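Trainee: Handing you a structure now.
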Amino acid sequence: MTRGVASAKRHSFLPKYLILCASSADRYVRQYFYEMAADAALEAVVLCSAGFISNRMKLQVMFPEMNPQMDSYRIGTLLELTRTIAIRFAEQNLRVRVCVQGSIGQGIFTAIPKQLNGVATILKRMDWQSGEGEENEGMVGDFVNFGHIGKEHVVNFKEGEGGEADTQQDDVFILICPQNMQGIESSIIPYLLEMTEAVGDRPMILINPDLVDKASSQGQQSVRGRQDRIDFANSFKTIFQFQNIYYSGTSYFPILGASTLLGPEEMWVSHQRRDLKGGKGEVYVPVYASESMPDSEVLMSTFSQQ
């Protein structure tokens, strides 16, 4: 695949019948997002290997079922998305390490984010179609493996007897929702920083990260080294985004529109949601495009003029 080929297949229009205002998405809607995100991730890895973009990347996939702040949040949707992306890489003979955040904190004050509780176990128990005679036979354990966030979970090439590989190194790393937690004195940033150093120049993709500092009793996340943590978090560049836009930060329905970046070399496009006549569904109409993510004031001004 040459530079720009994958992005040339995309367009600025979203499908007519996404119907994201429903309490749960149809299966084809989920599959649409899975495929779009996987295409963008694979394109980004190809561009990274050619030296066109950084190896630090992030996916922001935040339609209602992927937003943990909403009642419609579905952990299965997040894991199905992750599985689709991992399999897409494995189909290209890339070895993938899927990582979930472990406990962080000090002493007895350690915890795992509620959003990620049990995720590591569920990932391994999912149907990867990797059993004998199945479509992806042998994929898990060979091309897809699991771990936690930290340098000790980065596997490098190890030569065995006769010059043959004893251990194959990981080619791509997928990190599921790394995040800081309120009230915990430790930040996830040091674990991520150690891991990026161990990874080197191999692609590292964060899915829906939340790396902003959170309130803690001793202020460790609020003061000490804050700018360094901000700079590190900002070093991960968005390669795909679908973010719904709402009328206010506390009211999630009805949906006003969406801000999208459909690939690492695509334009940022903002869409306004409009209802079809006769209650026959909804359509997302592109109303604004730019080379960088527009801020909320620009979006609201643009929407009000339509």
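Note on naming: chains are A, B, ... as they come in the structure tokens, residues start from 1 per chain, ligands start from 1 in the order shown.
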What lies within 12 Å of Glu197 in chain A using only C-alpha atoms, ignoring chain neighbours under 2 positions off, as a list in words?

Mentor: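 Residues meeting the cut-off are Asn55, Arg56, Gly150, Lys151, Glu152, Val154, Pro190, Tyr191, Leu192, Leu193, Glu194, Met195, Val199, Gly200, Asp201, Arg202, Pro203 and Met204 of chain A.
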
Trainee: With all heavy atoms kept, could you save the residues just selected as a short mmCIF file (atom, residue, chain, number, x, y, z; two decimals), in the first residue's frame?

Mentor:
data_model
loop_
_atom_site.label_atom_id
_atom_site.label_comp_id
_atom_site.auth_asym_id
_atom_site.auth_seq_id
_atom_site.Cartn_x
_atom_site.Cartn_y
_atom_site.Cartn_z
N ASN A 55 5.45 7.28 15.71
CA ASN A 55 4.96 5.97 16.15
C ASN A 55 4.02 6.10 17.35
O ASN A 55 3.44 5.11 17.79
CB ASN A 55 6.13 5.06 16.53
CG ASN A 55 6.84 5.51 17.79
OD1 ASN A 55 7.13 6.70 17.97
ND2 ASN A 55 7.14 4.57 18.67
N ARG A 56 3.84 7.29 17.88
CA ARG A 56 2.92 7.51 19.00
C ARG A 56 1.58 7.99 18.44
O ARG A 56 1.47 9.10 17.92
CB ARG A 56 3.49 8.54 19.97
CG ARG A 56 4.79 8.10 20.62
CD ARG A 56 5.29 9.13 21.63
NE ARG A 56 6.58 8.76 22.18
CZ ARG A 56 7.23 9.46 23.11
NH1 ARG A 56 6.68 10.58 23.59
NH2 ARG A 56 8.41 9.07 23.55
N GLY A 150 3.33 -1.24 30.68
CA GLY A 150 4.59 -1.19 31.41
C GLY A 150 5.71 -1.80 30.58
O GLY A 150 5.45 -2.60 29.68
N LYS A 151 6.92 -1.43 30.87
CA LYS A 151 8.06 -1.86 30.07
C LYS A 151 8.27 -3.37 30.12
O LYS A 151 8.80 -3.97 29.19
CB LYS A 151 9.33 -1.14 30.53
CG LYS A 151 9.73 -1.43 31.97
CD LYS A 151 10.99 -0.65 32.35
CE LYS A 151 11.40 -0.94 33.79
NZ LYS A 151 12.61 -0.18 34.17
N GLU A 152 7.84 -4.00 31.24
CA GLU A 152 8.05 -5.44 31.38
C GLU A 152 7.16 -6.25 30.44
O GLU A 152 7.37 -7.47 30.29
CB GLU A 152 7.82 -5.88 32.82
CG GLU A 152 6.41 -5.65 33.33
CD GLU A 152 6.20 -4.26 33.91
OE1 GLU A 152 7.04 -3.38 33.63
OE2 GLU A 152 5.22 -4.08 34.64
N VAL A 154 6.82 -5.49 27.19
CA VAL A 154 7.31 -5.30 25.82
C VAL A 154 8.23 -6.47 25.48
O VAL A 154 9.25 -6.68 26.12
CB VAL A 154 8.08 -3.97 25.68
CG1 VAL A 154 8.66 -3.83 24.28
CG2 VAL A 154 7.16 -2.80 26.01
N PRO A 190 4.00 7.72 34.07
CA PRO A 190 5.31 7.06 34.19
C PRO A 190 5.34 5.65 33.59
O PRO A 190 6.33 5.25 32.99
CB PRO A 190 5.55 7.03 35.70
CG PRO A 190 4.74 8.17 36.23
CD PRO A 190 3.52 8.22 35.37
N TYR A 191 4.25 4.91 33.75
CA TYR A 191 4.17 3.57 33.17
C TYR A 191 4.19 3.64 31.64
O TYR A 191 4.85 2.84 30.97
CB TYR A 191 2.90 2.86 33.63
CG TYR A 191 2.81 2.66 35.13
CD1 TYR A 191 2.24 3.64 35.95
CD2 TYR A 191 3.29 1.50 35.73
CE1 TYR A 191 2.16 3.47 37.32
CE2 TYR A 191 3.20 1.31 37.10
CZ TYR A 191 2.64 2.31 37.90
OH TYR A 191 2.55 2.13 39.25
N LEU A 192 3.45 4.61 31.10
CA LEU A 192 3.44 4.79 29.65
C LEU A 192 4.79 5.24 29.14
O LEU A 192 5.26 4.79 28.09
CB LEU A 192 2.37 5.83 29.26
CG LEU A 192 0.91 5.37 29.23
CD1 LEU A 192 0.00 6.58 29.01
CD2 LEU A 192 0.69 4.34 28.14
N LEU A 193 5.43 6.14 29.87
CA LEU A 193 6.74 6.66 29.47
C LEU A 193 7.78 5.55 29.42
O LEU A 193 8.54 5.43 28.45
CB LEU A 193 7.18 7.77 30.42
CG LEU A 193 8.49 8.47 30.10
CD1 LEU A 193 8.45 9.09 28.70
CD2 LEU A 193 8.80 9.54 31.14
N GLU A 194 7.80 4.71 30.44
CA GLU A 194 8.73 3.57 30.45
C GLU A 194 8.45 2.63 29.29
O GLU A 194 9.37 2.10 28.67
CB GLU A 194 8.61 2.82 31.77
CG GLU A 194 9.17 3.56 32.98
CD GLU A 194 9.03 2.75 34.25
OE1 GLU A 194 8.35 1.69 34.23
OE2 GLU A 194 9.60 3.16 35.28
N MET A 195 7.17 2.45 29.00
CA MET A 195 6.81 1.52 27.92
C MET A 195 7.21 2.08 26.56
O MET A 195 7.71 1.34 25.70
CB MET A 195 5.31 1.24 27.96
CG MET A 195 4.88 0.10 27.05
SD MET A 195 3.17 -0.40 27.35
CE MET A 195 3.07 -1.83 26.26
N VAL A 199 9.57 0.31 23.86
CA VAL A 199 9.02 0.02 22.52
C VAL A 199 9.93 0.55 21.43
O VAL A 199 10.06 -0.05 20.36
CB VAL A 199 7.60 0.63 22.40
CG1 VAL A 199 7.15 0.68 20.94
CG2 VAL A 199 6.61 -0.17 23.23
N GLY A 200 10.58 1.70 21.69
CA GLY A 200 11.44 2.29 20.67
C GLY A 200 10.63 2.94 19.57
O GLY A 200 9.73 3.74 19.84
N ASP A 201 10.93 2.58 18.31
CA ASP A 201 10.24 3.22 17.20
C ASP A 201 9.08 2.38 16.65
O ASP A 201 8.53 2.68 15.59
CB ASP A 201 11.22 3.53 16.06
CG ASP A 201 11.91 2.28 15.52
OD1 ASP A 201 11.65 1.17 16.05
OD2 ASP A 201 12.72 2.41 14.59
N ARG A 202 8.69 1.33 17.37
CA ARG A 202 7.56 0.52 16.91
C ARG A 202 6.24 1.25 17.19
O ARG A 202 6.13 2.01 18.17
CB ARG A 202 7.58 -0.85 17.62
CG ARG A 202 8.66 -1.79 17.09
CD ARG A 202 8.78 -3.04 17.96
NE ARG A 202 9.50 -2.78 19.20
CZ ARG A 202 9.72 -3.68 20.15
NH1 ARG A 202 9.25 -4.91 19.99
NH2 ARG A 202 10.39 -3.37 21.24
N PRO A 203 5.22 1.03 16.37
CA PRO A 203 3.94 1.73 16.55
C PRO A 203 3.28 1.39 17.88
O PRO A 203 3.20 0.23 18.28
CB PRO A 203 3.09 1.23 15.37
CG PRO A 203 4.08 0.79 14.35
CD PRO A 203 5.24 0.22 15.12
N MET A 204 2.78 2.43 18.53
CA MET A 204 2.10 2.30 19.81
C MET A 204 0.79 3.09 19.71
O MET A 204 0.82 4.32 19.53
CB MET A 204 3.00 2.85 20.93
CG MET A 204 2.50 2.64 22.33
SD MET A 204 3.81 3.15 23.51
CE MET A 204 2.99 2.85 25.07
#

Trainee: If we count only C-alpha atoms and set the cut-off at 10 Å, which residues sit around Ala37 in chain A, ignoring sequence neighbours fewer than 2 positions away in its own chain? Please answer as a list in words.

Mentor: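 The neighbour list is Gln31, Tyr32, Phe33, Tyr34, Glu35, Asp39, Ala40, Ala41, Leu42, Glu43, Leu59, Gln60, Val61, Leu81, Thr82, Thr84, Ile85, Ile239, Phe240, Gln241, Phe242, Leu262 and Gly263 of chain A.
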
Trainee: Env of Arg83 in chain A: 12 Å cut, atoms = only C-alpha atoms, seq-sep filter 3 positions within chain, self excluded. Answer as a ChimeraX atom specification.

Mentor: /A:31,34-35,37-38,76-80,86-90,96-99,122-130,136,139-140,144-146,174-176,207

Trainee: Any chance you could export the current selection's N, CA, C and O atoms as a compact mmCIF listing (two decimals), in the first residue's frame?

Mentor:
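The result, written out as part_15.txt:
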# COMPACT_ATOMS: atom_id res chain seq x y z
N GLN A 31 -20.14 -2.20 13.33
CA GLN A 31 -19.19 -2.74 12.37
C GLN A 31 -18.61 -1.65 11.49
O GLN A 31 -17.43 -1.71 11.12
N TYR A 34 -15.90 -0.08 13.54
CA TYR A 34 -14.78 -1.01 13.69
C TYR A 34 -13.91 -1.01 12.43
O TYR A 34 -12.68 -0.92 12.51
N GLU A 35 -14.56 -1.12 11.28
CA GLU A 35 -13.82 -1.20 10.02
C GLU A 35 -13.10 0.10 9.71
O GLU A 35 -11.95 0.10 9.25
N ALA A 37 -12.04 2.42 11.84
CA ALA A 37 -10.92 2.60 12.76
C ALA A 37 -9.78 1.66 12.42
O ALA A 37 -8.60 2.04 12.47
N ALA A 38 -10.10 0.41 12.05
CA ALA A 38 -9.06 -0.56 11.70
C ALA A 38 -8.33 -0.14 10.43
O ALA A 38 -7.10 -0.27 10.33
N GLY A 76 -18.49 -4.33 25.71
CA GLY A 76 -18.32 -5.25 24.59
C GLY A 76 -17.99 -4.54 23.30
O GLY A 76 -17.23 -5.06 22.46
N THR A 77 -18.53 -3.33 23.12
CA THR A 77 -18.24 -2.56 21.90
C THR A 77 -16.77 -2.17 21.86
O THR A 77 -16.11 -2.27 20.82
N LEU A 78 -16.23 -1.73 22.99
CA LEU A 78 -14.82 -1.38 23.07
C LEU A 78 -13.93 -2.58 22.74
O LEU A 78 -12.96 -2.46 21.98
N LEU A 79 -14.27 -3.74 23.28
CA LEU A 79 -13.43 -4.92 23.06
C LEU A 79 -13.59 -5.46 21.65
O LEU A 79 -12.62 -5.97 21.07
N GLU A 80 -14.77 -5.37 21.08
CA GLU A 80 -14.96 -5.80 19.69
C GLU A 80 -14.17 -4.90 18.74
O GLU A 80 -13.58 -5.38 17.76
N ALA A 86 -6.81 -5.51 16.07
CA ALA A 86 -5.73 -6.48 16.28
C ALA A 86 -5.70 -7.52 15.16
O ALA A 86 -4.63 -7.87 14.65
N ILE A 87 -6.87 -8.02 14.78
CA ILE A 87 -6.93 -9.02 13.71
C ILE A 87 -6.48 -8.42 12.38
O ILE A 87 -5.80 -9.08 11.58
N ARG A 88 -6.85 -7.15 12.14
CA ARG A 88 -6.43 -6.50 10.91
C ARG A 88 -4.90 -6.46 10.81
O ARG A 88 -4.32 -6.68 9.74
N PHE A 89 -4.23 -6.17 11.91
CA PHE A 89 -2.76 -6.18 11.92
C PHE A 89 -2.22 -7.59 11.72
O PHE A 89 -1.28 -7.80 10.95
N ALA A 90 -2.80 -8.55 12.43
CA ALA A 90 -2.32 -9.93 12.35
C ALA A 90 -2.46 -10.48 10.93
O ALA A 90 -1.63 -11.27 10.48
N VAL A 96 0.97 -8.47 17.39
CA VAL A 96 0.31 -7.42 18.14
C VAL A 96 0.29 -7.76 19.63
O VAL A 96 0.00 -8.90 20.01
N ARG A 97 0.58 -6.78 20.45
CA ARG A 97 0.46 -6.92 21.89
C ARG A 97 -0.69 -6.00 22.35
O ARG A 97 -0.60 -4.77 22.23
N VAL A 98 -1.77 -6.59 22.85
CA VAL A 98 -2.91 -5.81 23.34
C VAL A 98 -2.77 -5.66 24.84
O VAL A 98 -2.72 -6.65 25.58
N CYS A 99 -2.70 -4.42 25.30
CA CYS A 99 -2.36 -4.15 26.71
C CYS A 99 -3.49 -3.42 27.43
O CYS A 99 -4.11 -2.50 26.88
N ILE A 122 -11.67 -10.68 30.12
CA ILE A 122 -12.66 -10.79 29.03
C ILE A 122 -11.96 -10.87 27.68
O ILE A 122 -12.36 -11.65 26.81
N LEU A 123 -10.90 -10.09 27.50
CA LEU A 123 -10.15 -10.09 26.24
C LEU A 123 -9.70 -11.51 25.88
O LEU A 123 -9.82 -11.94 24.72
N LYS A 124 -9.17 -12.22 26.85
CA LYS A 124 -8.64 -13.55 26.60
C LYS A 124 -9.74 -14.58 26.35
O LYS A 124 -9.51 -15.60 25.70
N ARG A 125 -10.92 -14.30 26.88
CA ARG A 125 -12.03 -15.25 26.75
C ARG A 125 -12.90 -14.95 25.53
O ARG A 125 -13.82 -15.73 25.24
N MET A 126 -12.65 -13.84 24.85
CA MET A 126 -13.44 -13.51 23.67
C MET A 126 -13.23 -14.55 22.57
O MET A 126 -12.22 -15.26 22.55
N ASP A 127 -14.18 -14.60 21.68
CA ASP A 127 -14.08 -15.52 20.55
C ASP A 127 -13.23 -14.86 19.46
O ASP A 127 -13.71 -14.01 18.72
N TRP A 128 -11.99 -15.28 19.35
CA TRP A 128 -11.07 -14.75 18.34
C TRP A 128 -11.05 -15.64 17.09
O TRP A 128 -10.27 -15.39 16.18
N GLN A 129 -11.89 -16.67 17.08
CA GLN A 129 -11.90 -17.62 15.96
C GLN A 129 -10.49 -18.16 15.71
O GLN A 129 -10.04 -18.31 14.58
N SER A 130 -9.79 -18.44 16.83
CA SER A 130 -8.39 -18.83 16.75
C SER A 130 -8.15 -20.30 17.05
O SER A 130 -7.01 -20.76 17.09
N ASN A 136 -9.26 -17.98 12.07
CA ASN A 136 -7.98 -17.40 12.51
C ASN A 136 -7.16 -18.40 13.31
O ASN A 136 -6.54 -18.05 14.31
N MET A 139 -3.95 -17.81 15.66
CA MET A 139 -3.60 -16.39 15.70
C MET A 139 -3.26 -15.92 17.11
O MET A 139 -2.23 -15.27 17.35
N VAL A 140 -4.12 -16.25 18.08
CA VAL A 140 -3.86 -15.88 19.47
C VAL A 140 -2.74 -16.76 20.02
O VAL A 140 -2.77 -17.98 19.92
N VAL A 144 -1.23 -12.56 18.05
CA VAL A 144 -1.93 -11.68 19.00
C VAL A 144 -1.66 -12.18 20.41
O VAL A 144 -1.93 -13.34 20.73
N ASN A 145 -1.12 -11.30 21.24
CA ASN A 145 -0.84 -11.63 22.63
C ASN A 145 -1.32 -10.50 23.53
O ASN A 145 -1.64 -9.40 23.06
N PHE A 146 -1.35 -10.76 24.82
CA PHE A 146 -1.93 -9.81 25.76
C PHE A 146 -0.93 -9.45 26.85
O PHE A 146 0.02 -10.18 27.12
N ILE A 174 -1.19 -2.14 21.14
CA ILE A 174 -2.49 -1.50 21.29
C ILE A 174 -2.78 -1.38 22.78
O ILE A 174 -2.79 -2.39 23.50
N LEU A 175 -3.00 -0.17 23.26
CA LEU A 175 -3.25 0.08 24.68
C LEU A 175 -4.70 0.54 24.84
O LEU A 175 -5.10 1.55 24.25
N ILE A 176 -5.47 -0.18 25.62
CA ILE A 176 -6.90 0.09 25.77
C ILE A 176 -7.15 1.10 26.89
O ILE A 176 -6.89 0.82 28.07
N ILE A 207 -6.13 3.58 22.51
CA ILE A 207 -7.55 3.68 22.20
C ILE A 207 -8.25 4.44 23.32
O ILE A 207 -8.21 4.05 24.49

Trainee: Could you check which of A:Gly257, A:Gln227, A:Val100, A:Asp142 is closest to Met300 in chain A, using only C-alpha atoms?

Mentor: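 Using only C-alpha atoms, the shortest distance to Met300 in chain A belongs to A:Gly257.
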
Trainee: Kindly indicate which residue among A:Lys280, A:Lys237, A:Arg273, A:Arg229 lies nearest to Lys58 in chain A, using only C-alpha atoms for the distances.

Mentor: A:Lys237

Trainee: Please determine, counting only C-alpha atoms, which residue among A:Leu299, A:Leu18, A:Val172, A:Ile255 has the shortest atom-to-atom distance to Ser49 in chain A.

Mentor: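 Closest residue, counting only C-alpha atoms: A:Val172.
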
Trainee: Please measure the separation of CA of Phe236 in chain A and CA of Leu211 in chain A, giving the value in Å to one decimal.

Mentor: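 Going from CA of Phe236 in chain A over to CA of Leu211 in chain A, I get 10.6 Å.
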